[in-house]
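Chemist: So that you have it, the file is final00.txt, and it contains compact mmCIF, N, CA and C atoms:
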# COMPACT_ATOMS: atom_id res chain seq x y z
N MET A 561 10.44 8.34 -11.55
CA MET A 561 10.17 7.81 -10.22
C MET A 561 8.99 6.85 -10.30
N THR A 562 8.87 6.02 -9.28
CA THR A 562 7.78 5.07 -9.20
C THR A 562 6.94 5.37 -7.96
N THR A 563 5.65 5.22 -8.11
CA THR A 563 4.74 5.35 -6.97
C THR A 563 4.10 4.00 -6.72
N ALA A 564 4.27 3.50 -5.51
CA ALA A 564 3.61 2.27 -5.09
C ALA A 564 2.22 2.65 -4.56
N ILE A 565 1.27 1.77 -4.74
CA ILE A 565 -0.12 2.05 -4.37
C ILE A 565 -0.56 1.08 -3.29
N ASP A 566 -1.15 1.60 -2.23
CA ASP A 566 -1.70 0.79 -1.16
C ASP A 566 -3.08 0.28 -1.57
N SER A 567 -3.48 -0.81 -0.97
CA SER A 567 -4.77 -1.44 -1.27
C SER A 567 -5.94 -0.48 -1.10
N ASN A 568 -5.89 0.35 -0.06
CA ASN A 568 -7.04 1.19 0.24
C ASN A 568 -7.34 2.20 -0.86
N ILE A 569 -6.34 2.60 -1.62
CA ILE A 569 -6.55 3.51 -2.74
C ILE A 569 -7.35 2.80 -3.85
N ILE A 570 -6.96 1.60 -4.17
CA ILE A 570 -7.63 0.86 -5.25
C ILE A 570 -9.04 0.45 -4.84
N VAL A 571 -9.21 0.04 -3.58
CA VAL A 571 -10.54 -0.31 -3.11
C VAL A 571 -11.47 0.90 -3.21
N ALA A 572 -11.01 2.07 -2.79
CA ALA A 572 -11.84 3.29 -2.90
C ALA A 572 -12.14 3.61 -4.36
N LEU A 573 -11.18 3.38 -5.23
CA LEU A 573 -11.37 3.61 -6.66
C LEU A 573 -12.48 2.72 -7.22
N TRP A 574 -12.55 1.50 -6.76
CA TRP A 574 -13.54 0.53 -7.25
C TRP A 574 -14.94 0.73 -6.68
N ARG A 575 -15.06 1.55 -5.65
CA ARG A 575 -16.36 1.77 -5.00
C ARG A 575 -16.85 3.19 -5.27
N PRO A 576 -17.68 3.36 -6.29
CA PRO A 576 -18.13 4.71 -6.64
C PRO A 576 -18.86 5.44 -5.51
N ASP A 577 -19.49 4.69 -4.59
CA ASP A 577 -20.22 5.32 -3.50
C ASP A 577 -19.35 5.62 -2.27
N ASP A 578 -18.11 5.22 -2.31
CA ASP A 578 -17.17 5.47 -1.21
C ASP A 578 -16.82 6.96 -1.21
N GLN A 579 -16.82 7.58 -0.04
CA GLN A 579 -16.51 9.01 0.05
C GLN A 579 -15.08 9.32 -0.39
N LEU A 580 -14.21 8.31 -0.40
CA LEU A 580 -12.83 8.51 -0.82
C LEU A 580 -12.61 8.24 -2.31
N ASN A 581 -13.65 7.86 -3.03
CA ASN A 581 -13.52 7.51 -4.45
C ASN A 581 -12.95 8.66 -5.27
N ARG A 582 -13.51 9.83 -5.12
CA ARG A 582 -13.03 11.00 -5.90
C ARG A 582 -11.57 11.31 -5.59
N ILE A 583 -11.24 11.21 -4.31
CA ILE A 583 -9.87 11.51 -3.91
C ILE A 583 -8.91 10.47 -4.50
N ALA A 584 -9.29 9.20 -4.41
CA ALA A 584 -8.45 8.13 -4.97
C ALA A 584 -8.27 8.33 -6.47
N THR A 585 -9.34 8.66 -7.17
CA THR A 585 -9.27 8.89 -8.61
C THR A 585 -8.32 10.04 -8.94
N LYS A 586 -8.44 11.12 -8.18
CA LYS A 586 -7.58 12.29 -8.40
C LYS A 586 -6.11 11.97 -8.10
N LEU A 587 -5.86 11.33 -6.96
CA LEU A 587 -4.49 11.01 -6.58
C LEU A 587 -3.83 10.05 -7.58
N LEU A 588 -4.56 9.03 -8.00
CA LEU A 588 -4.01 8.09 -8.98
C LEU A 588 -3.75 8.78 -10.31
N GLY A 589 -4.66 9.66 -10.72
CA GLY A 589 -4.46 10.40 -11.96
C GLY A 589 -3.22 11.27 -11.92
N GLN A 590 -3.02 11.96 -10.80
CA GLN A 590 -1.84 12.81 -10.65
C GLN A 590 -0.56 11.98 -10.64
N ALA A 591 -0.56 10.90 -9.87
CA ALA A 591 0.64 10.06 -9.77
C ALA A 591 0.95 9.41 -11.11
N GLY A 592 -0.07 8.98 -11.82
CA GLY A 592 0.13 8.31 -13.11
C GLY A 592 0.69 9.22 -14.18
N LYS A 593 0.44 10.51 -14.06
CA LYS A 593 0.99 11.47 -15.03
C LYS A 593 2.49 11.68 -14.82
N GLN A 594 2.93 11.55 -13.56
CA GLN A 594 4.31 11.85 -13.23
C GLN A 594 5.19 10.61 -13.10
N ASP A 595 4.61 9.51 -12.66
CA ASP A 595 5.40 8.34 -12.28
C ASP A 595 4.84 7.07 -12.90
N SER A 596 5.65 6.02 -12.85
CA SER A 596 5.11 4.70 -13.14
C SER A 596 4.45 4.20 -11.86
N LEU A 597 3.42 3.40 -12.00
CA LEU A 597 2.65 2.93 -10.86
C LEU A 597 2.88 1.44 -10.66
N VAL A 598 2.96 1.04 -9.39
CA VAL A 598 3.23 -0.36 -9.05
C VAL A 598 2.47 -0.72 -7.78
N ILE A 599 2.12 -1.99 -7.67
CA ILE A 599 1.65 -2.54 -6.40
C ILE A 599 2.58 -3.68 -6.02
N SER A 600 2.67 -3.93 -4.73
CA SER A 600 3.45 -5.07 -4.25
C SER A 600 2.56 -6.30 -4.19
N ALA A 601 3.19 -7.45 -4.08
CA ALA A 601 2.45 -8.71 -4.00
C ALA A 601 1.44 -8.73 -2.85
N PRO A 602 1.75 -8.18 -1.66
CA PRO A 602 0.73 -8.17 -0.61
C PRO A 602 -0.52 -7.36 -0.98
N VAL A 603 -0.36 -6.30 -1.76
CA VAL A 603 -1.53 -5.54 -2.20
C VAL A 603 -2.38 -6.41 -3.13
N TYR A 604 -1.74 -7.10 -4.05
CA TYR A 604 -2.48 -7.99 -4.94
C TYR A 604 -3.26 -9.03 -4.12
N ALA A 605 -2.59 -9.62 -3.13
CA ALA A 605 -3.24 -10.64 -2.30
C ALA A 605 -4.41 -10.06 -1.52
N GLU A 606 -4.26 -8.85 -0.99
CA GLU A 606 -5.37 -8.22 -0.27
C GLU A 606 -6.55 -7.96 -1.20
N LEU A 607 -6.26 -7.52 -2.41
CA LEU A 607 -7.34 -7.24 -3.37
C LEU A 607 -8.06 -8.52 -3.79
N MET A 608 -7.35 -9.64 -3.80
CA MET A 608 -7.98 -10.93 -4.11
C MET A 608 -8.88 -11.39 -2.97
N GLY A 609 -8.80 -10.74 -1.81
CA GLY A 609 -9.63 -11.11 -0.67
C GLY A 609 -11.11 -10.87 -0.90
N ASP A 610 -11.46 -10.06 -1.87
CA ASP A 610 -12.87 -9.84 -2.20
C ASP A 610 -13.40 -11.10 -2.88
N PRO A 611 -14.38 -11.79 -2.28
CA PRO A 611 -14.87 -13.04 -2.86
C PRO A 611 -15.53 -12.86 -4.23
N ASN A 612 -15.87 -11.64 -4.59
CA ASN A 612 -16.51 -11.39 -5.89
C ASN A 612 -15.50 -11.03 -6.98
N ARG A 613 -14.22 -11.02 -6.66
CA ARG A 613 -13.21 -10.63 -7.63
C ARG A 613 -12.44 -11.87 -8.07
N THR A 614 -12.12 -11.92 -9.35
CA THR A 614 -11.35 -13.05 -9.86
C THR A 614 -9.96 -12.59 -10.27
N LYS A 615 -9.07 -13.55 -10.38
CA LYS A 615 -7.71 -13.27 -10.84
C LYS A 615 -7.75 -12.65 -12.23
N ILE A 616 -8.63 -13.13 -13.08
CA ILE A 616 -8.76 -12.61 -14.44
C ILE A 616 -9.14 -11.13 -14.42
N GLU A 617 -10.11 -10.78 -13.57
CA GLU A 617 -10.53 -9.38 -13.46
C GLU A 617 -9.40 -8.49 -12.93
N LEU A 618 -8.71 -8.99 -11.91
CA LEU A 618 -7.60 -8.22 -11.35
C LEU A 618 -6.51 -7.99 -12.39
N ASN A 619 -6.12 -9.06 -13.05
CA ASN A 619 -5.07 -8.95 -14.06
C ASN A 619 -5.47 -8.00 -15.18
N LYS A 620 -6.72 -8.04 -15.58
CA LYS A 620 -7.22 -7.13 -16.63
C LYS A 620 -7.16 -5.68 -16.13
N PHE A 621 -7.58 -5.45 -14.90
CA PHE A 621 -7.53 -4.10 -14.33
C PHE A 621 -6.11 -3.55 -14.37
N PHE A 622 -5.14 -4.35 -13.91
CA PHE A 622 -3.77 -3.87 -13.88
C PHE A 622 -3.20 -3.69 -15.28
N ARG A 623 -3.54 -4.56 -16.18
CA ARG A 623 -3.09 -4.43 -17.57
C ARG A 623 -3.69 -3.17 -18.21
N ASP A 624 -5.00 -2.95 -18.01
CA ASP A 624 -5.68 -1.79 -18.60
C ASP A 624 -5.19 -0.46 -18.03
N THR A 625 -4.82 -0.45 -16.75
CA THR A 625 -4.39 0.80 -16.12
C THR A 625 -2.88 1.01 -16.21
N GLY A 626 -2.17 -0.02 -16.60
CA GLY A 626 -0.71 0.10 -16.68
C GLY A 626 -0.03 0.01 -15.33
N ILE A 627 -0.76 -0.41 -14.31
CA ILE A 627 -0.16 -0.59 -12.99
C ILE A 627 0.55 -1.93 -12.98
N LEU A 628 1.83 -1.90 -12.64
CA LEU A 628 2.63 -3.12 -12.60
C LEU A 628 2.49 -3.81 -11.25
N VAL A 629 2.65 -5.12 -11.25
CA VAL A 629 2.67 -5.89 -10.01
C VAL A 629 4.10 -6.36 -9.79
N ASP A 630 4.68 -5.98 -8.66
CA ASP A 630 6.03 -6.43 -8.31
C ASP A 630 5.87 -7.62 -7.36
N TRP A 631 6.15 -8.80 -7.87
CA TRP A 631 5.96 -10.02 -7.10
C TRP A 631 7.13 -10.33 -6.18
N THR A 632 8.23 -9.60 -6.31
CA THR A 632 9.45 -9.93 -5.59
C THR A 632 9.53 -9.20 -4.25
N LEU A 633 9.61 -9.97 -3.19
CA LEU A 633 9.87 -9.42 -1.86
C LEU A 633 11.14 -10.08 -1.35
N ASP A 634 12.25 -9.42 -1.56
CA ASP A 634 13.52 -10.02 -1.18
C ASP A 634 13.79 -9.84 0.32
N GLU A 635 14.91 -10.36 0.76
CA GLU A 635 15.26 -10.35 2.19
C GLU A 635 15.23 -8.96 2.79
N THR A 636 15.70 -7.97 2.06
CA THR A 636 15.74 -6.60 2.59
C THR A 636 14.33 -6.10 2.90
N VAL A 637 13.38 -6.40 2.05
CA VAL A 637 11.99 -5.99 2.29
C VAL A 637 11.47 -6.66 3.56
N TRP A 638 11.69 -7.97 3.69
CA TRP A 638 11.21 -8.70 4.86
C TRP A 638 11.84 -8.16 6.15
N ARG A 639 13.13 -7.88 6.12
CA ARG A 639 13.79 -7.38 7.33
C ARG A 639 13.28 -5.99 7.69
N GLU A 640 13.11 -5.14 6.70
CA GLU A 640 12.61 -3.78 6.96
C GLU A 640 11.18 -3.83 7.48
N ALA A 641 10.36 -4.71 6.93
CA ALA A 641 8.98 -4.86 7.41
C ALA A 641 8.97 -5.34 8.86
N GLY A 642 9.83 -6.29 9.18
CA GLY A 642 9.91 -6.78 10.55
C GLY A 642 10.35 -5.71 11.53
N ARG A 643 11.34 -4.91 11.12
CA ARG A 643 11.81 -3.82 11.97
C ARG A 643 10.70 -2.81 12.23
N ALA A 644 9.99 -2.44 11.18
CA ALA A 644 8.92 -1.45 11.30
C ALA A 644 7.74 -2.00 12.12
N TYR A 645 7.42 -3.28 11.91
CA TYR A 645 6.32 -3.89 12.66
C TYR A 645 6.67 -3.97 14.14
N GLN A 646 7.92 -4.31 14.44
CA GLN A 646 8.36 -4.36 15.83
C GLN A 646 8.21 -2.99 16.50
N GLY A 647 8.62 -1.95 15.80
CA GLY A 647 8.47 -0.59 16.34
C GLY A 647 7.01 -0.22 16.54
N TYR A 648 6.17 -0.60 15.60
CA TYR A 648 4.74 -0.34 15.73
C TYR A 648 4.16 -1.04 16.96
N VAL A 649 4.51 -2.33 17.13
CA VAL A 649 4.00 -3.09 18.28
C VAL A 649 4.45 -2.43 19.58
N ARG A 650 5.68 -2.00 19.65
CA ARG A 650 6.18 -1.32 20.86
C ARG A 650 5.39 -0.04 21.13
N ARG A 651 5.22 0.78 20.07
CA ARG A 651 4.47 2.03 20.24
C ARG A 651 3.04 1.75 20.66
N TRP A 652 2.41 0.78 20.05
CA TRP A 652 1.01 0.45 20.33
C TRP A 652 0.85 -0.02 21.79
N ARG A 653 1.70 -0.94 22.20
CA ARG A 653 1.59 -1.50 23.54
C ARG A 653 1.89 -0.46 24.62
N SER A 654 2.81 0.45 24.34
CA SER A 654 3.13 1.47 25.34
C SER A 654 2.01 2.49 25.46
N GLY A 655 1.26 2.71 24.39
CA GLY A 655 0.18 3.69 24.43
C GLY A 655 -1.17 3.10 24.78
N VAL A 656 -1.43 1.87 24.34
CA VAL A 656 -2.75 1.28 24.52
C VAL A 656 -2.70 0.08 25.46
N GLY A 657 -1.62 -0.68 25.37
CA GLY A 657 -1.47 -1.83 26.23
C GLY A 657 -2.15 -3.09 25.74
N ALA A 658 -2.78 -3.03 24.59
CA ALA A 658 -3.49 -4.20 24.05
C ALA A 658 -2.73 -4.73 22.83
N ALA A 659 -3.29 -5.77 22.25
CA ALA A 659 -2.70 -6.34 21.04
C ALA A 659 -2.79 -5.33 19.89
N PRO A 660 -1.78 -5.27 19.04
CA PRO A 660 -1.78 -4.32 17.91
C PRO A 660 -2.94 -4.57 16.96
N ARG A 661 -3.36 -3.52 16.29
CA ARG A 661 -4.48 -3.60 15.36
C ARG A 661 -4.05 -3.82 13.91
N ARG A 662 -2.83 -3.50 13.57
CA ARG A 662 -2.35 -3.62 12.20
C ARG A 662 -1.78 -5.00 11.94
N ILE A 663 -1.82 -5.40 10.67
CA ILE A 663 -1.28 -6.70 10.31
C ILE A 663 0.04 -6.53 9.56
N LEU A 664 0.80 -7.60 9.49
CA LEU A 664 2.12 -7.55 8.87
C LEU A 664 2.06 -7.08 7.42
N ALA A 665 1.00 -7.40 6.69
CA ALA A 665 0.91 -7.00 5.28
C ALA A 665 1.10 -5.50 5.11
N ASP A 666 0.57 -4.71 6.04
CA ASP A 666 0.74 -3.25 5.95
C ASP A 666 2.22 -2.88 5.95
N PHE A 667 3.00 -3.57 6.75
CA PHE A 667 4.42 -3.26 6.86
C PHE A 667 5.22 -3.80 5.68
N LEU A 668 4.76 -4.88 5.10
CA LEU A 668 5.39 -5.37 3.85
C LEU A 668 5.15 -4.37 2.73
N ILE A 669 3.96 -3.78 2.68
CA ILE A 669 3.64 -2.78 1.65
C ILE A 669 4.55 -1.56 1.81
N GLY A 670 4.69 -1.08 3.03
CA GLY A 670 5.56 0.07 3.28
C GLY A 670 7.02 -0.24 3.03
N ALA A 671 7.48 -1.41 3.49
CA ALA A 671 8.88 -1.79 3.30
C ALA A 671 9.19 -1.96 1.82
N HIS A 672 8.27 -2.52 1.06
CA HIS A 672 8.46 -2.68 -0.38
C HIS A 672 8.69 -1.32 -1.03
N ALA A 673 7.84 -0.35 -0.71
CA ALA A 673 8.00 0.99 -1.29
C ALA A 673 9.32 1.62 -0.86
N LEU A 674 9.67 1.49 0.41
CA LEU A 674 10.90 2.09 0.91
C LEU A 674 12.13 1.48 0.23
N VAL A 675 12.20 0.16 0.22
CA VAL A 675 13.37 -0.52 -0.34
C VAL A 675 13.49 -0.25 -1.84
N ARG A 676 12.37 -0.16 -2.54
CA ARG A 676 12.39 0.10 -3.99
C ARG A 676 12.54 1.60 -4.31
N LYS A 677 12.63 2.41 -3.24
CA LYS A 677 12.78 3.87 -3.40
C LYS A 677 11.61 4.49 -4.15
N SER A 678 10.42 3.99 -3.85
CA SER A 678 9.18 4.51 -4.42
C SER A 678 8.49 5.38 -3.39
N ALA A 679 7.64 6.27 -3.86
CA ALA A 679 6.72 6.94 -2.96
C ALA A 679 5.56 5.97 -2.74
N LEU A 680 4.80 6.15 -1.65
CA LEU A 680 3.65 5.29 -1.38
C LEU A 680 2.39 6.12 -1.34
N LEU A 681 1.43 5.78 -2.19
CA LEU A 681 0.14 6.44 -2.24
C LEU A 681 -0.83 5.65 -1.36
N THR A 682 -1.33 6.27 -0.29
CA THR A 682 -2.15 5.57 0.69
C THR A 682 -3.09 6.54 1.41
N PHE A 683 -4.12 5.99 2.03
CA PHE A 683 -4.95 6.77 2.93
C PHE A 683 -4.51 6.59 4.38
N ASP A 684 -3.50 5.77 4.63
CA ASP A 684 -2.99 5.51 5.98
C ASP A 684 -1.69 6.26 6.22
N GLN A 685 -1.70 7.55 5.99
CA GLN A 685 -0.49 8.36 6.08
C GLN A 685 0.18 8.27 7.45
N ARG A 686 -0.58 8.34 8.53
CA ARG A 686 0.01 8.32 9.87
C ARG A 686 0.78 7.03 10.13
N LEU A 687 0.20 5.90 9.77
CA LEU A 687 0.86 4.62 9.99
C LEU A 687 2.21 4.57 9.29
N TYR A 688 2.20 4.86 7.99
CA TYR A 688 3.43 4.72 7.20
C TYR A 688 4.47 5.78 7.55
N ALA A 689 4.03 6.98 7.88
CA ALA A 689 4.99 8.02 8.28
C ALA A 689 5.67 7.65 9.59
N ALA A 690 4.95 7.05 10.51
CA ALA A 690 5.55 6.64 11.80
C ALA A 690 6.44 5.42 11.63
N ALA A 691 6.01 4.47 10.83
CA ALA A 691 6.75 3.21 10.68
C ALA A 691 7.96 3.34 9.77
N PHE A 692 7.86 4.24 8.78
CA PHE A 692 8.91 4.39 7.78
C PHE A 692 9.22 5.87 7.58
N PRO A 693 9.93 6.50 8.53
CA PRO A 693 10.17 7.94 8.45
C PRO A 693 10.86 8.40 7.17
N ALA A 694 11.66 7.54 6.53
CA ALA A 694 12.37 7.94 5.31
C ALA A 694 11.51 7.74 4.05
N LEU A 695 10.33 7.17 4.19
CA LEU A 695 9.47 6.90 3.03
C LEU A 695 8.68 8.16 2.67
N THR A 696 8.60 8.45 1.38
CA THR A 696 7.75 9.52 0.90
C THR A 696 6.32 8.99 0.83
N VAL A 697 5.44 9.56 1.64
CA VAL A 697 4.05 9.12 1.71
C VAL A 697 3.18 10.17 1.05
N LEU A 698 2.43 9.74 0.04
CA LEU A 698 1.50 10.62 -0.65
C LEU A 698 0.09 10.30 -0.20
N SER A 699 -0.66 11.32 0.18
CA SER A 699 -2.01 11.11 0.68
C SER A 699 -2.82 12.36 0.47
N ALA A 700 -4.09 12.26 0.77
CA ALA A 700 -4.97 13.43 0.64
C ALA A 700 -4.92 14.28 1.89
Using structure tokens, write down the structure from this file.

Modeler:
Amino acid sequence: MTTAIDSNIIVALWRPDDQLNRIATKLLGQAGKQDSLVISAPVYAELMGDPNRTKIELNKFFRDTGILVDWTLDETVWREAGRAYQGYVRRWRSGVGAAPRRILADFLIGAHALVRKSALLTFDQRLYAAAFPALTVLSA
């Protein structure tokens, strides 16, 4: 089986002072023993958002850890992300009445894992469980 990794897990892993660092380290270690690990292209793009990180450093990290980058987001992923985002916007507006707080990238990450039949390792369990009921969500 394959486990897809959300950005928040890797960010916590890179920040030793983050309270979630130990949990991220443990979860990644467990998943890596059982499954192959992958990130989607949106996760890579989010991680590049750190102005202090370079493409060379990112590529080295993924090569050293054996985490694969899946650059392909085919039509099925985009359609599933759109469906889930639409449902999220409806739920958000009916409960809060304001503009949604989540961005489309979150739904591309979830749709990628769902379509590829991967589990998703994330700290945003509630979001992904609501948006993608058939997705296996791994969290602390």

Chemist: Using only C-alpha atoms, can you tell me which of A:Val603, A:Ala679, A:Leu597, A:Val637 comes closest to Arg623 (chain A)?

Modeler: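 Closest to Arg623 (chain A) of all the choices is A:Leu597.
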
Chemist: Among chain A, which ones does DSSP assign to strand (DSSP E) (computed from the backbone)? Answer as a list of chain:residue names.

Modeler: A:Thr562, A:Thr563, A:Ala564, A:Ile565, A:Ser596, A:Leu597, A:Val598, A:Ile599, A:Ser600, A:Leu628, A:Val629, A:Asp630, A:Ala679, A:Leu680, A:Leu681, A:Val697, A:Leu698

Chemist: Please, what distance in Å, to one decimal, runs between CA of Ala564 (chain A) and CA of Phe667 (chain A)?

Modeler: 13.2 Å

Chemist: Any chance you could list, as JSON, numbers by chain, the residues in chain A that come up alpha helix (DSSP H) when DSSP is run on the backbone?

Modeler: {"A": [567, 568, 569, 570, 571, 572, 573, 574, 581, 582, 583, 584, 585, 586, 587, 588, 589, 590, 591, 592, 593, 594, 601, 602, 603, 604, 605, 606, 607, 615, 616, 617, 618, 619, 620, 621, 622, 623, 624, 625, 635, 636, 637, 638, 639, 640, 641, 642, 643, 644, 645, 646, 647, 648, 649, 650, 651, 652, 653, 654, 655, 664, 665, 666, 667, 668, 669, 670, 671, 672, 673, 674, 675, 685, 686, 687, 688, 689, 690, 691]}

Chemist: For CA of Leu618 (chain A) and CA of Ala601 (chain A), quote the distance in Å rounded to one decimal.

Modeler: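 About the pair CA of Leu618 (chain A) and CA of Ala601 (chain A): they are 12.5 Å apart.
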
Chemist: Have a look at A:Ala572, A:Ala691, A:Ala700, A:Ala665 and name the one nearest to Arg643 (chain A); count only C-alpha atoms.

Modeler: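 Smallest distance to Arg643 (chain A) is found for A:Ala691.
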
Chemist: Any idea what's packed within 7 Å of Arg582 (chain A), counting all atoms listed in the file, ignoring anything in its chain fewer than 5 positions away? Could you give it as a list in words?

Modeler: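 The contact residues come out as Ala572, Leu573, Pro576 and Leu587 of chain A.
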
Chemist: Which residue is closest to Asp630 (chain A)? Choose from A:Val598, A:Leu695, A:Ala671, A:Leu681 and count all atoms listed in the file.

Modeler: A:Val598

Chemist: Any idea what the distance is between atom C of Gln594 (chain A) and CA of Ala673 (chain A)?

Modeler: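 Taking atom C of Gln594 (chain A) and CA of Ala673 (chain A), their separation equals 15.5 Å.
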